[in-house]
file run_1.tsv (TSV, C-alpha atoms and all ligand atoms)
chain	number	residue	atom	x	y	z
D	1	MET	CA	-6.76	20.80	6.20
D	2	ALA	CA	-3.50	22.70	6.69
D	3	ALA	CA	-3.60	26.35	5.68
D	4	PRO	CA	-1.66	27.16	2.51
D	5	ASP	CA	2.05	27.50	3.49
D	6	GLU	CA	1.44	25.88	6.91
D	7	GLY	CA	4.39	23.62	7.72
D	8	ILE	CA	4.18	20.04	8.99
D	9	GLY	CA	2.86	20.16	12.58
D	10	HIS	CA	3.95	18.18	15.64
D	11	GLU	CA	1.03	15.78	15.32
D	12	GLU	CA	1.94	14.98	11.73
D	13	LEU	CA	5.59	14.61	12.75
D	14	ALA	CA	4.60	12.18	15.52
D	15	LEU	CA	2.70	10.06	13.00
D	16	ALA	CA	5.58	10.24	10.52
D	17	ALA	CA	8.02	9.02	13.18
D	18	ARG	CA	5.84	5.94	13.85
D	19	ASN	CA	4.90	5.17	10.26
D	20	HIS	CA	8.04	4.97	8.17
D	21	GLY	CA	8.25	4.62	4.39
D	22	ILE	CA	10.60	2.55	2.23
D	23	PRO	CA	14.02	4.20	1.86
D	24	LEU	CA	13.90	4.80	-1.90
D	25	GLU	CA	17.29	3.13	-2.48
D	26	ALA	CA	15.59	-0.13	-1.39
D	27	LEU	CA	13.60	-0.02	-4.65
D	28	ARG	CA	16.65	-1.83	-6.06
D	29	HIS	CA	15.49	-5.07	-4.36
D	30	ASP	CA	12.86	-7.33	-5.97
D	31	VAL	CA	11.47	-8.10	-2.50
D	32	THR	CA	11.75	-5.37	0.11
D	33	PRO	CA	14.27	-6.50	2.77
D	34	PRO	CA	12.93	-7.03	6.31
D	35	GLY	CA	12.31	-3.76	8.16
D	36	LEU	CA	12.38	-1.61	5.00
D	37	HIS	CA	8.77	-2.21	3.91
D	38	TYR	CA	6.61	0.84	4.76
D	39	ILE	CA	4.42	0.68	7.86
D	40	LEU	CA	1.05	2.25	8.59
D	41	LEU	CA	-0.47	1.91	12.05
D	42	HIS	CA	-3.68	3.75	12.90
D	43	TYR	CA	-3.41	2.95	16.63
D	44	ASP	CA	-0.93	0.80	18.67
D	45	ILE	CA	0.70	-2.48	17.69
D	46	PRO	CA	-1.22	-5.04	19.77
D	47	THR	CA	0.79	-7.57	21.78
D	48	VAL	CA	-0.38	-11.03	20.74
D	49	ASP	CA	1.21	-14.29	21.91
D	50	ALA	CA	-0.18	-16.77	19.40
D	51	ASP	CA	2.32	-19.51	20.24
D	52	ALA	CA	1.04	-19.99	23.78
D	53	ALA	CA	-1.58	-22.76	23.58
D	54	ALA	CA	-5.05	-21.42	22.75
D	55	ALA	CA	-3.85	-17.86	23.25
D	56	TRP	CA	-5.09	-16.78	19.84
D	57	THR	CA	-7.95	-18.07	17.72
D	58	LEU	CA	-9.62	-16.72	14.62
D	59	PRO	CA	-13.39	-17.19	14.37
D	60	VAL	CA	-14.99	-17.36	10.90
D	61	HIS	CA	-18.70	-16.95	11.54
D	62	GLY	CA	-21.91	-15.02	10.80
D	63	ARG	CA	-23.86	-15.97	7.68
D	64	VAL	CA	-22.12	-19.35	7.24
D	65	ARG	CA	-23.38	-22.93	7.55
D	66	THR	CA	-20.47	-24.14	9.71
D	67	PRO	CA	-18.70	-21.56	11.86
D	68	LEU	CA	-14.95	-22.21	12.19
D	69	THR	CA	-12.49	-21.41	14.95
D	70	LEU	CA	-8.89	-21.67	13.83
D	71	ASP	CA	-5.73	-21.44	15.86
D	72	LEU	CA	-2.33	-20.89	14.29
D	73	ALA	CA	-1.59	-24.64	14.08
D	74	ALA	CA	-4.91	-25.29	12.32
D	75	LEU	CA	-4.24	-22.49	9.85
D	76	ARG	CA	-0.71	-23.74	9.15
D	77	ALA	CA	-2.07	-27.28	8.54
D	78	LEU	CA	-4.20	-26.09	5.60
D	79	PRO	CA	-2.78	-25.93	2.04
D	80	SER	CA	-0.92	-22.62	1.69
D	81	VAL	CA	0.02	-20.35	-1.19
D	82	THR	CA	2.55	-17.53	-1.53
D	83	HIS	CA	1.93	-14.36	-3.52
D	84	ARG	CA	4.44	-11.58	-4.15
D	85	VAL	CA	2.42	-8.40	-3.58
D	86	THR	CA	3.22	-4.70	-3.84
D	87	MET	CA	1.33	-2.87	-1.11
D	88	GLU	CA	0.87	0.88	-1.09
D	89	CYS	CA	-0.86	3.15	1.40
D	90	ALA	CA	-3.85	5.03	-0.06
D	91	GLY	CA	-2.42	8.17	1.57
D	92	ASN	CA	0.85	7.96	-0.36
D	93	GLY	CA	1.56	11.39	-1.88
D	94	ARG	CA	-0.69	13.20	0.62
D	95	ALA	CA	1.96	15.60	1.95
D	96	ARG	CA	2.62	16.90	-1.57
D	97	LEU	CA	-0.97	18.12	-1.91
D	98	SER	CA	-1.96	21.75	-1.59
D	99	PRO	CA	-3.94	22.41	0.52
D	100	ARG	CA	-2.53	19.52	2.59
D	101	PRO	CA	-4.95	17.15	4.36
D	102	VAL	CA	-3.64	16.73	7.93
D	103	SER	CA	-2.90	13.04	8.49
D	104	GLN	CA	0.12	10.74	8.01
D	105	PRO	CA	2.25	13.01	5.76
D	106	TRP	CA	3.56	10.63	3.11
D	107	LEU	CA	5.62	12.01	0.23
D	108	THR	CA	6.06	9.09	-2.22
D	109	GLU	CA	7.53	6.31	-0.10
D	110	ALA	CA	4.52	4.42	1.35
D	111	VAL	CA	5.16	1.23	-0.61
D	112	GLY	CA	6.83	-2.16	-0.28
D	113	THR	CA	6.82	-5.61	-1.84
D	114	ALA	CA	6.72	-8.85	0.15
D	115	ASP	CA	6.16	-12.56	-0.35
D	116	TRP	CA	3.06	-13.30	1.72
D	117	THR	CA	2.26	-16.91	2.64
D	118	GLY	CA	-1.05	-18.08	4.00
D	119	VAL	CA	-4.36	-19.74	3.31
D	120	PRO	CA	-6.56	-18.34	0.54
D	121	LEU	CA	-9.56	-16.64	2.16
D	122	ARG	CA	-11.79	-18.41	-0.38
D	123	THR	CA	-10.64	-21.79	1.05
D	124	LEU	CA	-11.78	-20.80	4.55
D	125	LEU	CA	-15.06	-19.36	3.28
D	126	ALA	CA	-15.75	-22.50	1.21
D	127	GLU	CA	-15.10	-24.65	4.29
D	128	ALA	CA	-17.45	-22.51	6.38
D	129	GLY	CA	-20.08	-22.41	3.61
D	130	VAL	CA	-21.27	-18.87	2.83
D	131	GLU	CA	-25.08	-18.57	3.03
D	132	PRO	CA	-26.86	-17.40	-0.16
D	133	ASP	CA	-28.06	-14.15	1.50
D	134	ALA	CA	-24.51	-13.09	2.46
D	135	VAL	CA	-23.25	-9.84	0.91
D	136	GLU	CA	-20.01	-8.91	2.69
D	137	VAL	CA	-17.21	-10.26	4.82
D	138	VAL	CA	-16.02	-8.05	7.70
D	139	PHE	CA	-12.44	-8.28	8.99
D	140	THR	CA	-11.64	-6.93	12.44
D	141	GLY	CA	-8.16	-6.30	13.81
D	142	ALA	CA	-7.02	-6.61	17.43
D	143	ASP	CA	-6.00	-2.93	17.54
D	144	HIS	CA	-8.28	-0.39	19.15
D	145	GLY	CA	-8.36	3.38	19.09
D	146	VAL	CA	-10.37	6.51	18.58
D	147	GLU	CA	-10.54	8.44	15.36
D	148	ARG	CA	-12.41	11.72	14.85
D	149	GLY	CA	-14.31	10.98	18.06
D	150	VAL	CA	-15.29	7.42	17.10
D	151	GLU	CA	-13.89	4.65	19.34
D	152	GLN	CA	-13.37	1.49	17.32
D	153	ASP	CA	-11.54	-1.69	16.51
D	154	TYR	CA	-9.85	-1.28	13.10
D	155	ALA	CA	-12.22	-3.07	10.69
D	156	ARG	CA	-12.85	-3.24	6.94
D	157	SER	CA	-15.04	-5.31	4.66
D	158	LEU	CA	-14.96	-6.85	1.20
D	159	THR	CA	-17.94	-7.96	-0.87
D	160	VAL	CA	-18.40	-11.74	-0.97
D	161	ALA	CA	-17.41	-11.56	-4.66
D	162	ASP	CA	-14.10	-9.79	-3.90
D	163	ALA	CA	-13.44	-12.02	-0.86
D	164	THR	CA	-13.81	-15.24	-2.90
D	165	ALA	CA	-12.27	-14.14	-6.24
D	166	ALA	CA	-9.56	-16.28	-7.84
D	167	ASP	CA	-7.70	-13.13	-8.93
D	168	PRO	CA	-6.74	-11.17	-7.01
D	169	GLU	CA	-6.70	-14.00	-4.49
D	170	VAL	CA	-7.10	-12.69	-0.95
D	171	LEU	CA	-4.83	-14.33	1.64
D	172	VAL	CA	-5.12	-14.94	5.35
D	173	ALA	CA	-1.35	-14.63	5.74
D	174	TYR	CA	0.89	-15.84	8.56
D	175	GLU	CA	4.32	-15.40	6.91
D	176	MET	CA	6.10	-12.45	5.33
D	177	ASN	CA	9.19	-13.29	3.27
D	178	GLY	CA	9.27	-16.82	4.68
D	179	ALA	CA	9.24	-15.83	8.37
D	180	PRO	CA	6.41	-15.28	10.88
D	181	LEU	CA	4.81	-11.86	10.48
D	182	PRO	CA	6.72	-9.15	12.38
D	183	PRO	CA	4.60	-7.40	15.06
D	184	GLN	CA	4.24	-4.21	13.01
D	185	HIS	CA	3.00	-6.11	9.93
D	186	GLY	CA	0.19	-7.96	11.72
D	187	TYR	CA	1.48	-10.87	13.83
D	188	PRO	CA	0.17	-13.52	14.04
D	189	VAL	CA	-2.18	-13.28	11.03
D	190	ARG	CA	-3.28	-10.58	8.61
D	191	LEU	CA	-5.36	-10.21	5.50
D	192	VAL	CA	-3.52	-9.46	2.24
D	193	VAL	CA	-5.68	-8.09	-0.58
D	194	PRO	CA	-3.46	-7.93	-3.69
D	195	GLY	CA	-3.98	-4.94	-5.98
D	196	TRP	CA	-5.86	-2.91	-3.34
D	197	TYR	CA	-4.55	0.02	-1.36
D	198	GLY	CA	-3.20	-1.14	2.00
D	199	MET	CA	-6.22	-0.22	4.17
D	200	ALA	CA	-8.00	-3.38	2.93
D	201	SER	CA	-5.25	-5.68	4.25
D	202	VAL	CA	-6.38	-5.82	7.89
D	203	LYS	CA	-3.53	-6.66	10.30
D	204	TRP	CA	-3.72	-8.59	13.62
D	205	LEU	CA	-6.85	-10.41	12.42
D	206	ALA	CA	-9.15	-11.18	15.34
D	207	ASP	CA	-12.45	-11.91	13.62
D	208	ILE	CA	-13.98	-12.74	10.22
D	209	THR	CA	-17.76	-12.26	10.07
D	210	VAL	CA	-19.92	-12.90	7.01
D	211	THR	CA	-22.84	-10.45	6.96
D	212	ASP	CA	-26.13	-10.00	5.10
D	213	THR	CA	-25.88	-6.19	5.22
D	214	PRO	CA	-23.15	-3.88	3.89
D	215	PHE	CA	-20.60	-2.89	6.55
D	216	THR	CA	-20.88	0.73	7.70
D	217	GLY	CA	-17.87	0.91	10.07
D	218	PHE	CA	-15.71	4.05	10.25
D	219	GLN	CA	-12.86	2.79	8.02
D	220	GLN	CA	-15.40	1.83	5.34
D	221	ALA	CA	-18.11	4.50	5.36
D	222	VAL	CA	-16.30	7.55	6.78
D	223	ALA	CA	-12.58	7.13	6.04
D	224	TYR	CA	-11.05	5.95	2.75
D	225	ARG	CA	-13.48	7.66	0.38
D	226	TYR	CA	-12.84	10.12	-2.43
D	227	ARG	CA	-14.52	13.40	-1.43
D	228	GLN	CA	-14.23	16.99	-2.57
D	229	THR	CA	-16.54	18.36	0.15
D	230	PRO	CA	-17.04	17.17	3.77
D	231	ASP	CA	-20.73	16.33	3.37
D	232	GLU	CA	-20.80	14.12	0.28
D	233	PRO	CA	-20.81	10.32	0.81
D	234	GLY	CA	-17.87	9.93	-1.61
D	235	GLU	CA	-16.70	6.95	-3.62
D	236	PRO	CA	-14.89	4.10	-1.86
D	237	ILE	CA	-11.14	3.71	-2.37
D	238	THR	CA	-10.28	0.31	-3.75
D	239	ARG	CA	-7.45	-0.56	-6.15
D	240	ILE	CA	-4.02	1.02	-6.55
D	241	ALA	CA	-3.55	3.66	-9.26
D	242	PRO	CA	-0.42	3.28	-11.44
D	243	ARG	CA	2.85	4.67	-10.10
D	244	ALA	CA	6.54	4.45	-10.94
D	245	LEU	CA	9.33	5.37	-8.56
D	246	MET	CA	13.02	5.85	-9.22
D	247	ALA	CA	15.81	4.83	-6.86
D	248	PRO	CA	17.51	8.22	-6.56
D	249	PRO	CA	20.82	8.13	-8.49
D	250	GLY	CA	24.20	9.29	-7.20
D	251	PHE	CA	24.51	10.36	-3.56
D	252	PRO	CA	22.42	12.72	-1.42
D	253	ASP	CA	22.93	16.04	0.26
D	254	PHE	CA	22.03	15.32	3.91
D	255	MET	CA	19.36	17.99	4.41
D	256	SER	CA	17.91	18.83	0.99
D	257	ARG	CA	18.29	15.27	-0.35
D	258	THR	CA	19.38	16.83	-3.66
D	259	ARG	CA	21.31	14.16	-5.53
D	260	VAL	CA	24.87	14.63	-6.74
D	261	VAL	CA	25.98	12.78	-9.88
D	262	ARG	CA	29.13	12.98	-12.01
D	263	PRO	CA	28.92	13.88	-15.72
D	264	GLY	CA	28.62	10.88	-18.03
D	265	PRO	CA	26.39	7.81	-18.16
D	266	VAL	CA	24.14	7.38	-15.11
D	267	GLU	CA	22.04	4.28	-14.61
D	268	LEU	CA	18.42	5.15	-13.74
D	269	GLU	CA	16.28	2.38	-12.32
D	270	GLY	CA	13.23	1.74	-10.23
D	271	ARG	CA	9.90	-0.04	-9.98
D	272	ALA	CA	6.43	0.51	-11.39
D	273	TRP	CA	3.08	-0.98	-10.38
D	274	SER	CA	-0.67	-0.68	-10.70
D	275	GLY	CA	-3.35	-2.58	-8.80
D	276	ARG	CA	-5.76	-2.29	-11.73
D	277	ALA	CA	-3.93	-3.79	-14.71
D	278	PRO	CA	-0.36	-4.78	-15.58
D	279	VAL	CA	2.18	-2.00	-16.15
D	280	VAL	CA	2.86	-1.81	-19.88
D	281	ARG	CA	4.98	1.33	-20.19
D	282	VAL	CA	7.38	3.42	-18.12
D	283	GLU	CA	8.70	6.76	-19.40
D	284	VAL	CA	11.53	8.82	-17.97
D	285	SER	CA	12.14	12.55	-18.26
D	286	THR	CA	15.37	14.31	-17.30
D	287	ASP	CA	13.98	17.80	-17.96
D	288	ASP	CA	11.01	17.93	-15.53
D	289	GLY	CA	8.49	16.45	-17.93
D	290	ALA	CA	9.27	18.53	-21.03
D	291	THR	CA	10.42	15.47	-23.00
D	292	TRP	CA	10.04	11.74	-22.32
D	293	ARG	CA	11.66	8.53	-23.44
D	294	ASP	CA	10.71	4.91	-22.86
D	295	ALA	CA	12.49	2.97	-20.15
D	296	GLU	CA	13.31	-0.70	-20.62
D	297	LEU	CA	10.95	-2.95	-18.65
D	298	GLY	CA	12.18	-5.92	-16.63
D	299	PRO	CA	10.43	-9.30	-16.72
D	300	ALA	CA	6.66	-9.28	-16.17
D	301	PRO	CA	5.72	-10.67	-12.75
D	302	ALA	CA	5.30	-14.46	-12.64
D	303	ASP	CA	1.83	-16.07	-12.51
D	304	GLY	CA	0.43	-15.68	-9.02
D	305	ASP	CA	2.59	-12.59	-8.46
D	306	ALA	CA	0.66	-10.42	-10.93
D	307	TRP	CA	0.09	-7.69	-8.32
D	308	SER	CA	3.75	-7.15	-7.66
D	309	TRP	CA	5.81	-4.31	-9.08
D	310	ARG	CA	7.91	-4.47	-12.25
D	311	ARG	CA	11.51	-3.33	-12.62
D	312	TRP	CA	12.48	-0.66	-15.16
D	313	ARG	CA	15.81	0.90	-16.20
D	314	THR	CA	17.38	3.34	-18.59
D	315	SER	CA	20.71	5.11	-18.97
D	316	TRP	CA	21.08	8.89	-18.85
D	317	ASP	CA	24.05	10.86	-20.17
D	318	ALA	CA	24.34	13.47	-17.40
D	319	VAL	CA	25.72	16.90	-18.28
D	320	PRO	CA	26.79	19.55	-15.74
D	321	GLY	CA	23.94	21.57	-14.24
D	322	ARG	CA	20.77	21.05	-12.24
D	323	HIS	CA	18.17	18.61	-13.53
D	324	VAL	CA	14.76	17.39	-12.43
D	325	LEU	CA	14.29	13.69	-13.09
D	326	THR	CA	10.83	12.24	-13.27
D	327	VAL	CA	9.18	8.98	-14.29
D	328	ARG	CA	5.63	7.89	-15.10
D	329	ALA	CA	3.90	4.54	-15.47
D	330	THR	CA	1.05	3.48	-17.76
D	331	ASP	CA	-1.02	0.37	-17.14
D	332	ALA	CA	-2.89	-1.92	-19.54
D	333	GLU	CA	-6.13	0.00	-18.90
D	334	GLY	CA	-4.39	2.96	-20.55
D	335	THR	CA	-4.11	5.00	-17.33
D	336	THR	CA	-0.95	7.13	-17.11
D	337	GLN	CA	0.28	8.90	-13.99
D	338	PRO	CA	-0.62	12.60	-13.96
D	339	LEU	CA	1.95	15.41	-13.80
D	340	THR	CA	-0.32	17.28	-11.38
D	341	GLN	CA	-1.98	16.09	-8.18
D	342	PRO	CA	-5.46	14.53	-8.11
D	343	TRP	CA	-6.74	16.43	-5.02
D	344	ASN	CA	-9.37	15.12	-2.62
D	345	ARG	CA	-10.10	15.86	1.05
D	346	GLY	CA	-8.49	12.70	2.41
D	347	GLY	CA	-5.43	13.07	0.21
D	348	PHE	CA	-5.89	9.60	-1.27
D	349	ALA	CA	-4.32	8.09	-4.38
D	350	ASN	CA	-2.20	11.15	-5.22
D	351	ASN	CA	-0.10	9.47	-7.89
D	352	GLU	CA	1.40	12.69	-9.22
D	353	VAL	CA	4.84	11.85	-10.62
D	354	GLN	CA	7.92	11.78	-8.38
D	355	ARG	CA	10.46	14.57	-8.99
D	356	ILE	CA	14.14	14.18	-8.09
D	357	THR	CA	16.46	17.19	-8.17
D	358	VAL	CA	19.96	16.29	-9.32
D	359	ALA	CA	23.08	18.46	-9.31
D	360	CYS	CA	25.59	17.18	-11.89
D	361	ALA	CA	29.14	18.40	-11.31
M	1	LIG	N1	-5.69	-3.78	12.06
M	1	LIG	C1	-5.14	-2.85	11.25
M	1	LIG	N2	-4.92	-3.19	9.98
M	1	LIG	C2	-4.38	-2.29	9.13
M	1	LIG	C3	-4.03	-0.99	9.56
M	1	LIG	C4	-4.26	-0.67	10.92
M	1	LIG	O1	-3.97	0.43	11.40
M	1	LIG	N3	-4.82	-1.63	11.73
M	1	LIG	N4	-3.54	-0.08	8.65
M	1	LIG	C5	-3.91	-0.33	7.26
M	1	LIG	C6	-3.27	0.55	6.32
M	1	LIG	S1	-3.93	2.10	6.16
M	1	LIG	C7	-2.23	0.14	5.54
M	1	LIG	S2	-1.60	1.16	4.36
M	1	LIG	C8	-1.65	-1.21	5.69
M	1	LIG	C9	-0.17	-1.11	5.97
M	1	LIG	O2	0.39	-2.39	6.07
M	1	LIG	P1	1.91	-2.53	6.52
M	1	LIG	O3	2.09	-1.69	7.75
M	1	LIG	O4	2.14	-3.97	6.74
M	1	LIG	O5	2.74	-1.98	5.39
M	1	LIG	O6	-2.25	-1.94	6.76
M	1	LIG	C10	-3.63	-1.78	6.88
M	1	LIG	N5	-4.14	-2.68	7.86
M	2	MO	MO	-2.84	3.16	4.41
call {"tool": "encode", "arguments": {"input": "run_1.tsv", "output": "structure tokens", "more": "lines below"}}
Ligand SMILES: Nc1nc2c(c(=O)[nH]1)N[C@H]1C(S)=C(S)[C@@H](COP(=O)(O)O)O[C@H]1N2
Ligand SMILES: [Mo]
result
Amino acid sequence: MAAPDEGIGHEELALAARNHGIPLEALRHDVTPPGLHYILLHYDIPTVDADAAAAWTLPVHGRVRTPLTLDLAALRALPSVTHRVTMECAGNGRARLSPRPVSQPWLTEAVGTADWTGVPLRTLLAEAGVEPDAVEVVFTGADHGVERGVEQDYARSLTVADATAADPEVLVAYEMNGAPLPPQHGYPVRLVVPGWYGMASVKWLADITVTDTPFTGFQQAVAYRYRQTPDEPGEPITRIAPRALMAPPGFPDFMSRTRVVRPGPVELEGRAWSGRAPVVRVEVSTDDGATWRDAELGPAPADGDAWSWRRWRTSWDAVPGRHVLTVRATDAEGTTQPLTQPWNRGGFANNEVQRITVACA
């Protein structure tokens, strides 16, 4: 934990330079253009050459009747689906917390939306035949590192029920936006778990093992849990809490990023999402949350793309002075974004509203 008033350290800066967020102006695109989707890498990007014959195979084994070994050609030969999915890092908002958990220091920008193409995980598991005593499916990436003293391959699990659900449908994806996965997004193959925070979507998939015991790996049992104190087991982090973001209007001041707008009508627009239930309402405030008005919602996501963000817009009649713009989303479960931070030790799921300072002159 950083001491109160302690600035961002070199280690946090080094992580921030590797793991970039979406430039907020790119919220204007339905699908995040290549290279602008956020990135989160715990360790190094592994070098995988899956096109060389037999250079890469994916075993699906453990508590199954028929273990499978798939290469990229075998995976591509199976019936594929494409889902438009908004992915967000569970640590988004962490750097705005006080006290600040020391880790990747996201402000609000750890999000992106892509069209992911691949084979439904449930197809592979049906082909392999999950044994009746199976409880979880463990996904291991090809990346390796050490975290808080624990050397590990990045690995996460899902329950058999979550792994085989029809909605959200988990994908073993080999394309992003119609092209092979870029190295930083998991080439050659990654998991995509729609509606869940990004940690569940294991990149550089190297192994799928069905188990008859719950997985206790570091990224499941130690990291990615809501905790107030270091010793409690904590609750696991799963689906994405509602959030709306605004594409900052006008133009920026280089250092402070304060926005400059001219007096008169200003178009305000952005995106809103939740991994728990559809977004049903977006409200905008131009006086730092004192008063709110409803934004106009764009079309609801198409079938199969339910876990993708939704566009919103409104017009603001800007008057000279300084203003703080903010926006909040509400989903169909009735959850609204808070105006203050939900603090926990890991700095997860801080969906406190975005605030944009605007100078109108
Ligand atoms: N193998 C592996 N998978 C991983 C990670 C990782 O470090 N290694 N990071 C996870 C986290 S924390 C997030 S938020 C998402 C980020 O996916 P992206 O970089 O494609 O946006 O990948 C997840 N999958
Ligand atoms: Mo993440």
call {"tool": "closest_residue", "arguments": {"input": "run_1.tsv", "among": "D:Val193, D:Ala349, D:Val102, D:Val280", "to": "Ala90 in chain D", "atoms": "all atoms listed in the file"}}
result
D:Ala349
call {"tool": "residues_near_ligand", "arguments": {"input": "run_1.tsv", "ligand": "ligand MO 2 (chain M)", "cutoff": "8 Å", "atoms": "all atoms listed in the file", "output": "CSV table (one decimal) with C-alpha atoms, in the frame of the given file"}}
result
chain,number,residue,atom,x,y,z
D,40,LEU,CA,1.0,2.2,8.6
D,88,GLU,CA,0.9,0.9,-1.1
D,89,CYS,CA,-0.9,3.2,1.4
D,90,ALA,CA,-3.8,5.0,-0.1
D,91,GLY,CA,-2.4,8.2,1.6
D,92,ASN,CA,0.8,8.0,-0.4
D,197,TYR,CA,-4.6,0.0,-1.4
D,198,GLY,CA,-3.2,-1.1,2.0
D,199,MET,CA,-6.2,-0.2,4.2
call {"tool": "residues_around", "arguments": {"input": "run_1.tsv", "residues": "range 33-39 of chain D", "least_positions_apart": "5", "cutoff": "12 Å", "atoms": "all atoms listed in the file", "output": "number ranges by chain"}}
result
D: 15-28, 45, 85-89, 91-92, 104, 106, 108-115, 176-186, 198-199, 203
call {"tool": "residues_around", "arguments": {"input": "run_1.tsv", "residues": "Gly334 in chain D", "least_positions_apart": "2", "cutoff": "12 Å", "atoms": "only C-alpha atoms", "output": "ChimeraX atom specification"}}
result
/D:241-242,274,276-281,329-332,336-337
call {"tool": "axis_aligned_box", "arguments": {"input": "run_1.tsv", "around": "ligand LIG 1 (chain M)", "padding_each_side": "8 Å", "output": "JSON"}}
result
{"center_x": -1.5, "center_y": -0.9, "center_z": 8.2, "size_x": 24.4, "size_y": 22.1, "size_z": 23.7}
call {"tool": "atom_distance", "arguments": {"input": "run_1.tsv", "atom1": "CA of Glu151 in chain D", "atom2": "CA of Phe139 in chain D"}}
result
16.6 Å
call {"tool": "closest_residue", "arguments": {"input": "run_1.tsv", "among": "D:Ser157, D:Gln228, D:Asn351, D:Thr335", "to": "ligand LIG 1 (chain M)", "atoms": "all atoms listed in the file"}}
result
D:Ser157
call {"tool": "residues_around", "arguments": {"input": "run_1.tsv", "residues": "Ala361 in chain D", "least_positions_apart": "4", "cutoff": "10 Å", "atoms": "all atoms listed in the file", "output": "ChimeraX atom specification"}}
result
/D:260-263,318-322
call {"tool": "residues_around", "arguments": {"input": "run_1.tsv", "residues": "Asp207 in chain D", "least_positions_apart": "6", "cutoff": "7 Å", "atoms": "only C-alpha atoms", "output": "list in words"}}
result
Leu58, Pro59, Val60, Phe139 and Thr140 of chain D
call {"tool": "decode", "arguments": {"input": "run_1.tsv", "residues": "range 88-93 of chain D", "atoms": "all heavy atoms", "output": "PDB file, in the first residue's frame"}}
result
ATOM      1  N   GLU D  88     -12.596  -5.565 -19.384  1.00  0.00           N
ATOM      2  CA  GLU D  88     -12.085  -4.541 -18.478  1.00  0.00           C
ATOM      3  C   GLU D  88     -11.210  -5.217 -17.440  1.00  0.00           C
ATOM      4  O   GLU D  88     -11.542  -6.308 -16.960  1.00  0.00           O
ATOM      5  CB  GLU D  88     -13.251  -3.810 -17.784  1.00  0.00           C
ATOM      6  CG  GLU D  88     -12.779  -2.720 -16.839  1.00  0.00           C
ATOM      7  CD  GLU D  88     -13.916  -1.939 -16.177  1.00  0.00           C
ATOM      8  OE1 GLU D  88     -15.082  -2.351 -16.281  1.00  0.00           O
ATOM      9  OE2 GLU D  88     -13.599  -0.912 -15.548  1.00  0.00           O
ATOM     10  N   CYS D  89     -10.107  -4.580 -17.096  1.00  0.00           N
ATOM     11  CA  CYS D  89      -9.224  -5.115 -16.059  1.00  0.00           C
ATOM     12  C   CYS D  89      -9.864  -4.892 -14.690  1.00  0.00           C
ATOM     13  O   CYS D  89     -10.394  -3.808 -14.412  1.00  0.00           O
ATOM     14  CB  CYS D  89      -7.861  -4.446 -16.119  1.00  0.00           C
ATOM     15  SG  CYS D  89      -6.704  -5.086 -14.886  1.00  0.00           S
ATOM     16  N   ALA D  90      -9.784  -5.909 -13.831  1.00  0.00           N
ATOM     17  CA  ALA D  90     -10.347  -5.790 -12.478  1.00  0.00           C
ATOM     18  C   ALA D  90      -9.677  -4.668 -11.691  1.00  0.00           C
ATOM     19  O   ALA D  90     -10.252  -4.132 -10.749  1.00  0.00           O
ATOM     20  CB  ALA D  90     -10.201  -7.117 -11.736  1.00  0.00           C
ATOM     21  N   GLY D  91      -8.447  -4.311 -12.084  1.00  0.00           N
ATOM     22  CA  GLY D  91      -7.721  -3.246 -11.381  1.00  0.00           C
ATOM     23  C   GLY D  91      -8.040  -1.860 -11.896  1.00  0.00           C
ATOM     24  O   GLY D  91      -7.471  -0.870 -11.401  1.00  0.00           O
ATOM     25  N   ASN D  92      -8.952  -1.757 -12.870  1.00  0.00           N
ATOM     26  CA  ASN D  92      -9.287  -0.422 -13.390  1.00  0.00           C
ATOM     27  C   ASN D  92      -9.761   0.465 -12.235  1.00  0.00           C
ATOM     28  O   ASN D  92     -10.571   0.022 -11.409  1.00  0.00           O
ATOM     29  CB  ASN D  92     -10.384  -0.539 -14.460  1.00  0.00           C
ATOM     30  CG  ASN D  92     -10.375   0.647 -15.406  1.00  0.00           C
ATOM     31  OD1 ASN D  92      -9.440   1.460 -15.391  1.00  0.00           O
ATOM     32  ND2 ASN D  92     -11.392   0.753 -16.242  1.00  0.00           N
ATOM     33  N   GLY D  93      -9.254   1.695 -12.180  1.00  0.00           N
ATOM     34  CA  GLY D  93      -9.637   2.613 -11.102  1.00  0.00           C
ATOM     35  C   GLY D  93      -8.717   2.551  -9.887  1.00  0.00           C
ATOM     36  O   GLY D  93      -8.835   3.368  -8.975  1.00  0.00           O
TER      37      GLY D  93
END
